[in-house]
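Heads up: the structure comes next, in structure tokens.
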There are 2 protein chains.
Amino acid sequence: MTILRVNMSQKTISTETFPKDQIIGGRAMVDYLLSEYGSPTAHPLSEGSVLIVAPGLFAGTSAPMSGRLSIGGKSPLTGGIKEANAGGTAAHKLGRLGIRAIMVEGKSEDWQILKVTAQGATLEPAGDIKGQTNYAACDKLRERYGDKVGILSIGPAGEMKLANSTVGVTDPDGRPSRHAARGGLGAVMGAKGLKAIVIDDTGGVPRKPHDQEAFKAAVKAATEAIKNGPVTEALHTLGTAMWVDADNERGSLPTNNHRLGSSEKYQNINATKFVELIKARGGSLGHGCLPGCVVRCSTVFHDTSGRFLTAALEYETIGMLGSNLGIDDLDAIARMDRKCDELGIDTMELGNTIGILNDVGLFAFGDAKKAQSYLEEIEKGTPMGRILGSGVVVTAKAFGIDRVPAVKGLGLPAHAARSSKGWAVTYATSPQGADHTAGGVAVEHLSSEGQGDRSRTSQIQMAAFDSTGICLFTFLRAATNVIVPMINALYGVNWTEEEYLELGKEMLRQERAFNMKAGIGPGADRIPDWMRKEPLPPTNSVFDVPQEDIDAVLNF
Amino acid sequence: MTILRVNMSQKTISTETFPKDQIIGGRAMVDYLLSEYGSPTAHPLSEGSVLIVAPGLFAGTSAPMSGRLSIGGKSPLTGGIKEANAGGTAAHKLGRLGIRAIMVEGKSEDWQILKVTAQGATLEPAGDIKGQTNYAACDKLRERYGDKVGILSIGPAGEMKLANSTVGVTDPDGRPSRHAARGGLGAVMGAKGLKAIVIDDTGGVPRKPHDQEAFKAAVKAATEAIKNGPVTEALHTLGTAMWVDADNERGSLPTNNHRLGSSEKYQNINATKFVELIKARGGSLGHGCLPGCVVRCSTVFHDTSGRFLTAALEYETIGMLGSNLGIDDLDAIARMDRKCDELGIDTMELGNTIGILNDVGLFAFGDAKKAQSYLEEIEKGTPMGRILGSGVVVTAKAFGIDRVPAVKGLGLPAHAARSSKGWAVTYATSPQGADHTAGGVAVEHLSSEGQGDRSRTSQIQMAAFDSTGICLFTFLRAATNVIVPMINALYGVNWTEEEYLELGKEMLRQERAFNMKAGIGPGADRIPDWMRKEPLPPTNSVFDVPQEDIDAVLNF
């Protein structure tokens, strides 16, 4: 197993051996490499900053839904450590090439493509790929490198080094519809002069488990567990849009710039409507974004004339660019989603960003045309576009807005903090910023009690789970009894579930240590003050988890 | 003695008694009141944020040059505690009215003026003062409230709540040429809906010392010490422009966006040239910005046709808007200085901000017209103006610039960090951000040794000194033997010099505690990485004070 070290300043690539039995992958690899090589004091866009690409522990194996790819670095939005992961085909390709991580250092003056094959890795001039939006770039890259490559790419936003830039990853259809979206890692990649990473696994081989029979059995058990999962069938038939109804019902669907927790118009953007439009227009449901996906929650959405518009229109996008902007037109939301994928912009951060403009009269709820026009400003790189592309905190600063929906520089997710209080404790305390995938808490949403403990348990489980590369929608986060046998069989170890969870704890410790060195103290673990005062209809709840419970979350 | 508590939300004013013998003033009062009443987690522009106005310990007395006025709050630029002080006439007026501080809370929807007189304080509608630049606003306020008032005001930048906004204070000529400039406290005032504070001390009385004779003697000794100060004569005859030659000579005059430490064209902007122009055009030197000033370093600068252009064109402005932008035209610098005073913009932050635009081709060194046009963008509130008015860190973010001259969000001063290494340790460690007035170190500029100790000593002395309201240019910061007798005689105590310095330590402890609660950890105590790598000609020095020395500075 190897780690590719790419120095963009010198345009050199070296290969370092990584011990085969070392159980570090995905987010754990990000944490490990950034702790070892990443400078917490370096500016995220500087030569001294480090970008990590790391498949999970099971990449290149038959472990179900284990093809999530972690991208990591110092976030331009939070100023701290960030890992964001995406589906697509790239992770397994890296796994089959025996590559455990790509570490990109330095900075190239001219735009480059990193090509990774079984014969080795090379840097090549980006040429006319430069300046292209993600879909066009991927088309051109396939022309150049063949149809079967997996591609990581940045769009114009990443090229402009805007803080809210994503890294796109191609799905099985070759579309850059999957994004390591949160935290602005596209800008880090852009600052390095790296437009794309193209992975061709021709000649690669599946990874051999230490104990093949045991691994096969463990994989089978995991696959069964996923099939029998609580929402597997619903996700498969409805997509993640299913959460529109659920969150609206319990008052945690951000609506009109977080002023409401439910929308009167939710039936225009919920799964029922979504499925109806897809069926009428010939899009598709039950799509897999990873090879061998069991859940297949991904979707393809066509426009009114039946032509492909966007893939992977997810709940968080519908919440933040839809209800949070008062927009109840799925076509308009889908057009923005596509544009975000093209430019390489995180839809969640953008939904927060446009939402606050309502406070200063620059956006009227429901004005989808205006919202779309702001995306065009970003594309053109106008000063307004640069403000918006820099995320919600910078936008608030530029316009003197003090009601800012963000923690540690990262805009809030679409499960409203005030009516998802356990989850909100994760938003407040995660070293990753307000990230809903850092440890969800989906019980006792309105209670202020016990949420610190719930968030701690969830964050530890989730960190460990994020090392595996297994998709969150397996709902196996807490099923350590299912995960650990696969690790043991693959790596030839004899881990207990406690040892596995200790990995999660160690990851969180490393992340907090990085943030401390970067200047972010524990005092930053706060839900914005205004959410403790302003009730959120219809539950009229405020965020009222005691601060001492919050401060105790990561004290292990 | 009283503290005025002004609630802008309720439009109420209450008066609280403050113990006469309590030795808390100026920056110490800011620290005390923010520790007691200020919420470190509140957004700086929110209702829960608190703005403090506090004269020093000697306000209303005959202590020489003791009329500095501290403005304090949570900084929109640093996110931490900030105190900025200015000369002018307001502090002594407050002293003569027996007011030890004004604490402004809440938020008014419509613009207000706070009027403070011997008969009490009232809030009045700002009316047509709203939207006015500082000079025009002060003219109108004098029409309304009489010629003898002292005025604190914000300009359009503060009204727009731009993070780099100042609070202007009128000088003895009634001009708003003195600014509590650093850290964006004008935006905090603007967020409260407070356009100006007008102070009429008619009927006020000088403060009575506890021991009149002893106080008189102590004041006399202090006055003598100032008269015999090391640079009193030079400051009086040359103004602070005298530092152009000194800093240029030792390679610490920021030039061309901090790429050089000296300018070939320094003779076009130094004191010799400055004095020559003033003498030829009928401006004036040896001006006092405080009543009863001994040093009188302030200046009045006329334009080519002999008309008043600006007052108080200081070294830091000449350095940051002049040499740092490659501009060697004092008239152009003076026009920008005036515009900054009109809009209420900190010249130092702005010089850093425009300077980095050179990195992305948006500013050519020496292009004074372009620099001036950027000020006009700020005035108009265009998106570009809002970016620039939000300071150097936001501007860097919007344009993807990673070579950022700032610490804790505050742009660097005009004594270059790499060739003023002790001073730079203060920039790195001060809870106030990169503030040159937080504890200068003016010896062994190029040595990396002993700078932590020097900075610690200087910061403690300076904090205590900032409580007194005495001007830095008395050069009495370290003369605790001169200061303490004045305190003892005025307050009827028997402080040792150690007790006085303990006040400074306690202030720094309070400030650090505030910042910790605001989420700013000790890891933020860093000079930007690039200054440790990029040599600064002509000394070619890098910043190389060991980080452990820096981390030990505030460990008391």
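In the structure tokens, chains take the letters A, B, ... in the order shown, each chain's residues start at 1, and ligands count up from 1 in the order shown.
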Could you work out which residues of chain A fall inside 8 Å of chain B? Count only C-alpha atoms, and format the result as a PyMOL selection string. chain A and resi 41-46+76+160-163+191+383-384+386-387+389-390+394+397-403+516-526+528-529
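Near His287 of chain A, within a cut-off of 12 Å and counting only C-alpha atoms, sit the residues Gly88, Asp171, Pro172, Asp173, Leu235, His236, Thr237, Leu238, Gly239, Thr240, Gly283, Ser284, Leu285, Cys289, Leu290, Pro291, Gly292, Cys293, Val294, Val295, Arg296, Cys297, Ser298, Thr299, Val300, Phe301, Ala311, Ala312 and Leu313 of chain A, with same-chain residues fewer than 2 positions away left out.
Within the 10 Å cut-off around Asn555 of chain B, using only C-alpha atoms and omitting residues fewer than 2 positions from it on the same chain, the listed residues are Arg456, Arg509, Ile550, Asp551, Ala552 and Val553 of chain B.
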Store the residues picked out above in a file with N, CA and C atoms, as a PDB file, in the first residue's frame.
```
ATOM      1  N   ARG B 456       6.546  41.388  26.946  1.00  0.00           N
ATOM      2  CA  ARG B 456       5.735  41.222  28.159  1.00  0.00           C
ATOM      3  C   ARG B 456       5.798  42.480  29.023  1.00  0.00           C
ATOM      4  N   ARG B 509      -5.113  39.907  31.679  1.00  0.00           N
ATOM      5  CA  ARG B 509      -5.813  38.655  32.037  1.00  0.00           C
ATOM      6  C   ARG B 509      -7.285  38.732  31.640  1.00  0.00           C
ATOM      7  N   ILE B 550       7.259  33.283  22.384  1.00  0.00           N
ATOM      8  CA  ILE B 550       6.002  34.000  22.139  1.00  0.00           C
ATOM      9  C   ILE B 550       4.889  33.433  23.022  1.00  0.00           C
ATOM     10  N   ASP B 551       4.838  32.108  23.091  1.00  0.00           N
ATOM     11  CA  ASP B 551       3.774  31.479  23.874  1.00  0.00           C
ATOM     12  C   ASP B 551       3.909  31.766  25.373  1.00  0.00           C
ATOM     13  N   ALA B 552       5.110  32.174  25.793  1.00  0.00           N
ATOM     14  CA  ALA B 552       5.325  32.440  27.218  1.00  0.00           C
ATOM     15  C   ALA B 552       5.056  33.890  27.595  1.00  0.00           C
ATOM     16  N   VAL B 553       4.770  34.733  26.610  1.00  0.00           N
ATOM     17  CA  VAL B 553       4.664  36.171  26.890  1.00  0.00           C
ATOM     18  C   VAL B 553       3.592  36.485  27.927  1.00  0.00           C
TER      19      VAL B 553
END
```
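Here the residues within segment 154-349 of chain A that DSSP labels strand (DSSP E) on the basis of the backbone are Val167, Gly168, Val169, Arg178, His179, Ala180, Leu194, Lys195, Ala196, Ile197, Val198, Ile199, Ser284, Leu285, Gly286, His287, Ser298, Thr299, Val300, Phe301, His302, Phe308, Leu309, Thr310 and Ala311 of chain A.
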Just want the 10 Å neighbourhood of Gly131 of chain A, counted on only C-alpha atoms, with same-chain residues fewer than 2 positions away dropped. Output as a list in words. Trp111, Ala126, Gly127, Asp128, Ile129, Thr133, Asn134, Ala136, Ala137, Ile154, Gly155, Pro156, Ala157, Gly158, Glu159, Met160, Lys195 and Leu343 of chain A
Which of segment 197-407 of chain A fall in helix (DSSP H, G or I), as a PyMOL selection string: chain A and resi 212-227+232-238+242-249+266-268+271-281+315-325+330-343+347-360+368-380+383-389+392-399
When you look at Glu16 of chain A with a cut-off of 9 Å (counting only C-alpha atoms), what residues show up, excluding the ones that are within fewer than 3 positions of it in the same chain? I need them as a ChimeraX atom specification. /A:1-5
